[in-house]
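To keep things clear, I will list the structure first and then write my remarks on it.
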There are 2 protein chains.
Amino acid sequence: MRIRFYNARILTMESDSVIKGELWTNGKTIEYIGDSKESDKPFDRQIDCNGNLLMPGLKNAHTHSAMTFARSLADKYNLNDWLMKAIFPREAKLTPDHVYWFTKLAFADYLAGGTTSCFDMYFHKEASAKAAVETGFRYVFCGAANDYGGIDELEEYYHALNSYDPLVSFIYGFHAEYTTNRNNLEIISGLSHKYQAPVFAHISETASEVEGCRQRYGMTPPFLFERLGIYDYGGGGFHCVWFDDKDRDLFIKKGLWCVFNACSNLKLASGITPVHDFVDNDMKIAVGTDGAGSNNSLSMFREMYLNTVLSNIETNNAASVNPFKILKAGTTGGALCMGITDSDVLAVGKNADIIMIDMSKPCMQPENNIVNNIIYSADNSCVKMTMINGKILYENGEYTTIDYEETVKKCAELLPELA
Amino acid sequence: MRIRFYNARILTMESDSVIKGELWTNGKTIEYIGDSKESDKPFDRQIDCNGNLLMPGLKNAHTHSAMTFARSLADKYNLNDWLMKAIFPREAKLTPDHVYWFTKLAFADYLAGGTTSCFDMYFHKEASAKAAVETGFRYVFCGAANDYGGIDELEEYYHALNSYDPLVSFIYGFHAEYTTNRNNLEIISGLSHKYQAPVFAHISETASEVEGCRQRYGMTPPFLFERLGIYDYGGGGFHCVWFDDKDRDLFIKKGLWCVFNACSNLKLASGITPVHDFVDNDMKIAVGTDGAGSNNSLSMFREMYLNTVLSNIETNNAASVNPFKILKAGTTGGALCMGITDSDVLAVGKNADIIMIDMSKPCMQPENNIVNNIIYSADNSCVKMTMINGKILYENGEYTTIDYEETVKKCAELLPELA
């Protein structure tokens with residue numbers, strides 16, 4: 001399949017400049033970006049972009065996709081009670097069928113919001129891998145092990161899911177320090193060393209998590225993980241709300257990724273990540289929504305917006321965080337963080353993971369600054385098309401690979417089983 | 001025009017329960033809400049809602065509509081520099097033609113986001129009144145006087161705009177204490193007394209505003225306005241970020257409206273309104289986006305969301321603000337605040353200012369809690385239809401009264417004049 005997008009504006013994310021011209025895809029990759037020109041070979045489809053904007057798909061670098069089942073289910077709890085009273089008891093009831101359908105619902109949500117990949121920590125991985133391949137979604141698993149399960153299967157998943165399908169990959173991960181004992185952490189470190197592989201986990205999400213870790217080990221989670229060798233081959237952490245300067249400097253020294261989840265942290269009253277400080281220090285940063293149970297949206301637009309503005313109050317600076325750097329984190333950063341390095345920017349030979357932003361939408365007008373419009377004003381209503389691996393999966397509100405009506409129906413049928 | 005909406009779910013906002021049934025409009029008002037039944041008279045149109053949700057239109061209770069020209073124009077400044085360096089110099093160049101087109105662009109934005117009315121403080125009021133009537137938008141002016149202009153015209157506007165068109169009304173208002181000297185404040189108080197009319201203004205938006213007022217008058221803005229008799233006939237204030245307990249109690253005692261603008265306050269680094277405290281005290285509350293220059297979105301969904309979650313951190317409570325109370329503020333509260341008391345809820349005889357939420361959108365699924373889905377997860381992409389005064393103005397992405405393409409084109413042409 002060869003597709004020509006013409007009359008386009010293109011934000012490659014290699015810089016913050018928007019160019020005018022064409023983008024051609026050939027099969028799974030980008031064949032050409034540049035001025036309007038003739039092609040020797042025929043196209044299967046030619047799309048007049050009418051001046052709309054092509055840019056790399058958004059990368060949701062931390063989520064629990066199947067937790068769409070928990071959207072607006074238990075909005076009254078802070079993190080600990082939310083997990084213990086509302087979520088863990090229901091997750092114990094989850095079957096592969098639940099995970100398959102509620103993950104499909106999340107994929108529909110991602111596609112409608114211009115998200116082309118997610119870094120997903122959840123259970124029943126075969127079910128969501130199947131949903132990803134059927135959908136054509138570029139899907140990166142994060143290991144979900146903790147003391148309640150998953151440790152024994154980590155190595156098996158590492159092999160099985162990294163050879164499952166070109167769209168699917170797996171990175172070592174575990175839930176968090178406070179749910180994973182030292183023995184299990186050492187097992188994970190051993191796997192990381194055996195395969196020279198990065199490891200990710202929730203880290204310093206709440207003040208009580210950090211305090212608990214200090215009591216148990218006399219140090220913060222980043223230093224504990226480093227001490228145990230978990231970070232010897234890279235990786236990083238989700239949330240990073242309660243980092244002190246030493247935690248931050250350790251992450252800088254080790255070149256680790258910080259994934260921001262402002263909406264979930266606000267919703268669960270966990271705290272506000274000092275995003276400005278991470279950005280000022282040129283750290284490796286990415287953005288994720290966390291699950292729909294705690295956000296409750298899966299929109300990367302809202303997530304990027306909030307991560308850009310939330311530091312303004314503490315710093316008393318309306319421009320505490322540069323919007324382009326957050327857009328970079330939400331696209332390129334996410335891709336590099338989750339190891340899909342050919343989906344980072346729009347360039348010849350890169351994966352054709354591309355979205356089209358409808359520039360005519362009122363919230364994108366006028367065009368004083370297109371990047372700032374995206375960060376401060378855009379929402380899912382601006383997404384006109386979402387392409388992954390050279391295939392258009394969502395266009396003008398319609399899905400090409402998801403039977404959306406059936407997905408909604410199945411989720412509604414299954415929901416009472418998780419009550 | 002008689003329209004039948006059937007197969008609907010209806011959130012009247014008289015309570016938080018969602019009923020199933022029908023809603024009929026007849027001319028400008030609601031004729032029937034209830035179970036499915038036959039009608040003796042013919043309908044001009046019958047709309048199968050497919051289970052989608054009808055609810056009152058959102059009320060944007062503080063905005064500067066024509067400031068769409070300033071969206072993403074000057075995102076680097078805190079409030080004072082933003083006004084003095086970026087906004088006031090450009091506003092000095094504004095003509096009625098600018099205001100007409102950039103207000104039309106805002107109306108398109110409002111309609112796409114389910115907003116059926118706004119409380120608009122801006123200049124060249126004839127131009128925006130014309131745009132409102134042409135669009136069919138229910139439009140409430142707030143006086144925009146300060147020391148730089150507008151005082152002399154307040155009374156004339158009061159008469160002219162309150163008799164201009166049934167869709168248009170005018171409420172006394174002025175910019176803020178720090179831009180309006182005592183003499184002018186007394187003139188405004190005199191007008192309020194002459195017409196027994198409420199008055200609104202920006203109030204306690206920044207810490208420096210409150211500090212300046214204390215230095216000038218030895219009291220906070222709420223007490224100054226009360227002392228000058230400005231609040232003897234009701235009204236209230238926009239922002240209300242830096243209220244202390246005494247300010248709050250004064251507002252309670254006088255029955256004044258607090259209009260929340262969380263997004264703008266975050267963006268301009270002004271502060272965080274203690275929304276939880278206002279809600280806990282059952283105060284009169286409404287929600288507004290402020291202008292697109294400082295938000296930069298005009299989405300009431302994002303505004304309601306942020307006003308619901310932003311208090312969570314300070315209170316260490318994931319449920320610090322009840323979502324239904326903010327949805328009430330964003331619909332009923334706004335209507336009562338701006339004096340359009342027949343647009344507050346869906347009920348027989350009330351104005352047919354109605355929106356349809358597309359319940360099939362991924363972000364509205366599954367349906368554990370519809371109200372919470374609206375507050376925590378919805379965005380403009382969920383708005384399927386917007387009706388004002390019994391007339392459908394926006395449906396499935398299309399405008400019926402706005403030539404949208406022309407509006408975008410005119411705004412783009414005019415933009416360089418305001419550079």
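Chain labels A, B, ... are given in the sequence in which chains occur in the structure tokens; within each chain residues are numbered consecutively from 1, and ligands are likewise numbered from 1 in the order shown.
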Margin query: Based on only C-alpha atoms, which of the residues in chain B come within 8 Å of chain A? I want them as a PyMOL selection string.
Written below: chain B and resi 68-73+75-78+105-106+108-109+266-272+295-298+309-310+312-313+316-319+360-363+365-370+372-373+376-381+408+411-412+415
Margin query: I need the helix (DSSP H, G or I) residues of range 206-390 of chain A per DSSP on the backbone, written as a PyMOL selection string.
Written below: chain A and resi 207-217+221-227+245-254+262-267+275-280+292-295+300-309+311-315+323-337+341-343+362-364+370-376+380-382
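CA of Phe200 in chain B is positioned 28.2 Å from CA of Ser15 in chain B.
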Next item on the list: Pick out the residues sitting within 6 Å of range 16-22 of chain B, and hand them over as a PyMOL selection string; count only C-alpha atoms, and ignore anything fewer than 5 positions along from it in its own chain.
Entry: chain B and resi 5-11+33-36
Can you pull out the residues contacting Gly57 in chain A? Cut-off 10 Å, using only C-alpha atoms, and skip same-chain residues under 2 positions away; I want them as a CSV table (one decimal) with C-alpha atoms, in the first residue's frame.
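Wrote part.csv, looks like this:
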```csv
chain,number,residue,atom,x,y,z
A,54,LEU,CA,0.8,15.6,9.9
A,55,MET,CA,2.8,14.7,12.9
A,59,LYS,CA,3.0,7.8,22.6
A,60,ASN,CA,1.3,6.9,25.8
A,111,LEU,CA,-6.8,5.9,18.1
A,113,GLY,CA,-7.0,10.6,20.5
A,114,GLY,CA,-4.1,10.3,18.0
A,115,THR,CA,-2.2,7.8,20.2
A,116,THR,CA,-0.3,5.2,18.1
A,117,SER,CA,1.5,3.3,20.8
A,330,GLY,CA,4.7,12.9,24.2
A,331,THR,CA,5.9,11.8,20.8
A,332,THR,CA,9.7,11.2,20.4
A,335,ALA,CA,8.9,6.2,21.5
A,343,SER,CA,8.5,5.5,15.6
A,344,ASP,CA,10.1,8.6,17.1
A,345,VAL,CA,9.8,11.2,14.4
A,346,LEU,CA,8.6,11.6,10.8
A,352,ALA,CA,4.6,5.3,9.3
A,353,ASP,CA,3.0,6.0,12.7
A,354,ILE,CA,1.3,9.3,11.8
A,355,ILE,CA,-1.6,11.4,12.8
A,356,MET,CA,-3.4,14.2,11.1
A,385,MET,CA,-6.7,10.4,11.1
A,386,THR,CA,-4.5,7.9,12.9
A,387,MET,CA,-2.2,5.6,11.0
A,388,ILE,CA,0.0,2.9,12.4
```
Checklist line | Who sits within 7 Å of range 220-230 of chain A, only C-alpha atoms, same chain under 6 positions skipped, as a VMD selection string | finding: chain A and resid 177 186 189 192 199 203 to 204 210 213 to 214 247
Next item on the list: Write out as a PyMOL selection string all residues of range 259-290 of chain B that DSSP puts in strand (DSSP E) for this structure's backbone.
Entry: chain B and resi 259-260+284-287
Got time to write the residues from that selection, N, CA and C atoms, as an mmCIF file, in the first residue's frame?
```cif
data_model
loop_
_atom_site.group_PDB
_atom_site.id
_atom_site.type_symbol
_atom_site.label_atom_id
_atom_site.label_comp_id
_atom_site.auth_asym_id
_atom_site.auth_seq_id
_atom_site.Cartn_x
_atom_site.Cartn_y
_atom_site.Cartn_z
ATOM 1 N N VAL B 259 -17.139 32.809 40.300
ATOM 2 C CA VAL B 259 -16.951 32.131 39.017
ATOM 3 C C VAL B 259 -15.513 31.625 38.941
ATOM 4 N N PHE B 260 -15.379 30.306 38.763
ATOM 5 C CA PHE B 260 -14.055 29.667 38.775
ATOM 6 C C PHE B 260 -13.444 29.618 37.384
ATOM 7 N N LYS B 284 -22.719 30.092 45.951
ATOM 8 C CA LYS B 284 -23.198 30.214 44.576
ATOM 9 C C LYS B 284 -21.974 30.149 43.663
ATOM 10 N N ILE B 285 -21.883 29.100 42.870
ATOM 11 C CA ILE B 285 -20.681 28.926 42.052
ATOM 12 C C ILE B 285 -21.022 28.678 40.581
ATOM 13 N N ALA B 286 -20.135 29.138 39.741
ATOM 14 C CA ALA B 286 -20.246 28.931 38.297
ATOM 15 C C ALA B 286 -18.835 28.731 37.752
ATOM 16 N N VAL B 287 -18.752 28.382 36.480
ATOM 17 C CA VAL B 287 -17.466 28.044 35.880
ATOM 18 C C VAL B 287 -17.306 28.800 34.562
#
```
Next item on the list: Please identify all polymer residues within 9 Å of range 121-133 of chain A, counting only C-alpha atoms, omitting same-chain residues fewer than 3 positions from it, and present them as a PyMOL selection string.
Entry: chain A and resi 62-67+91+94-104+107+136-144+150+157+161+164-168+173-175
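CA of Asn307 in chain B is found 13.8 Å from CA of Asp280 in chain B.
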Note to self: Just want the 10 Å neighbourhood of Asp44 in chain B, counted on only C-alpha atoms, with same-chain residues fewer than 3 positions away dropped. Output as a count of residues only.
What the structure shows: 6
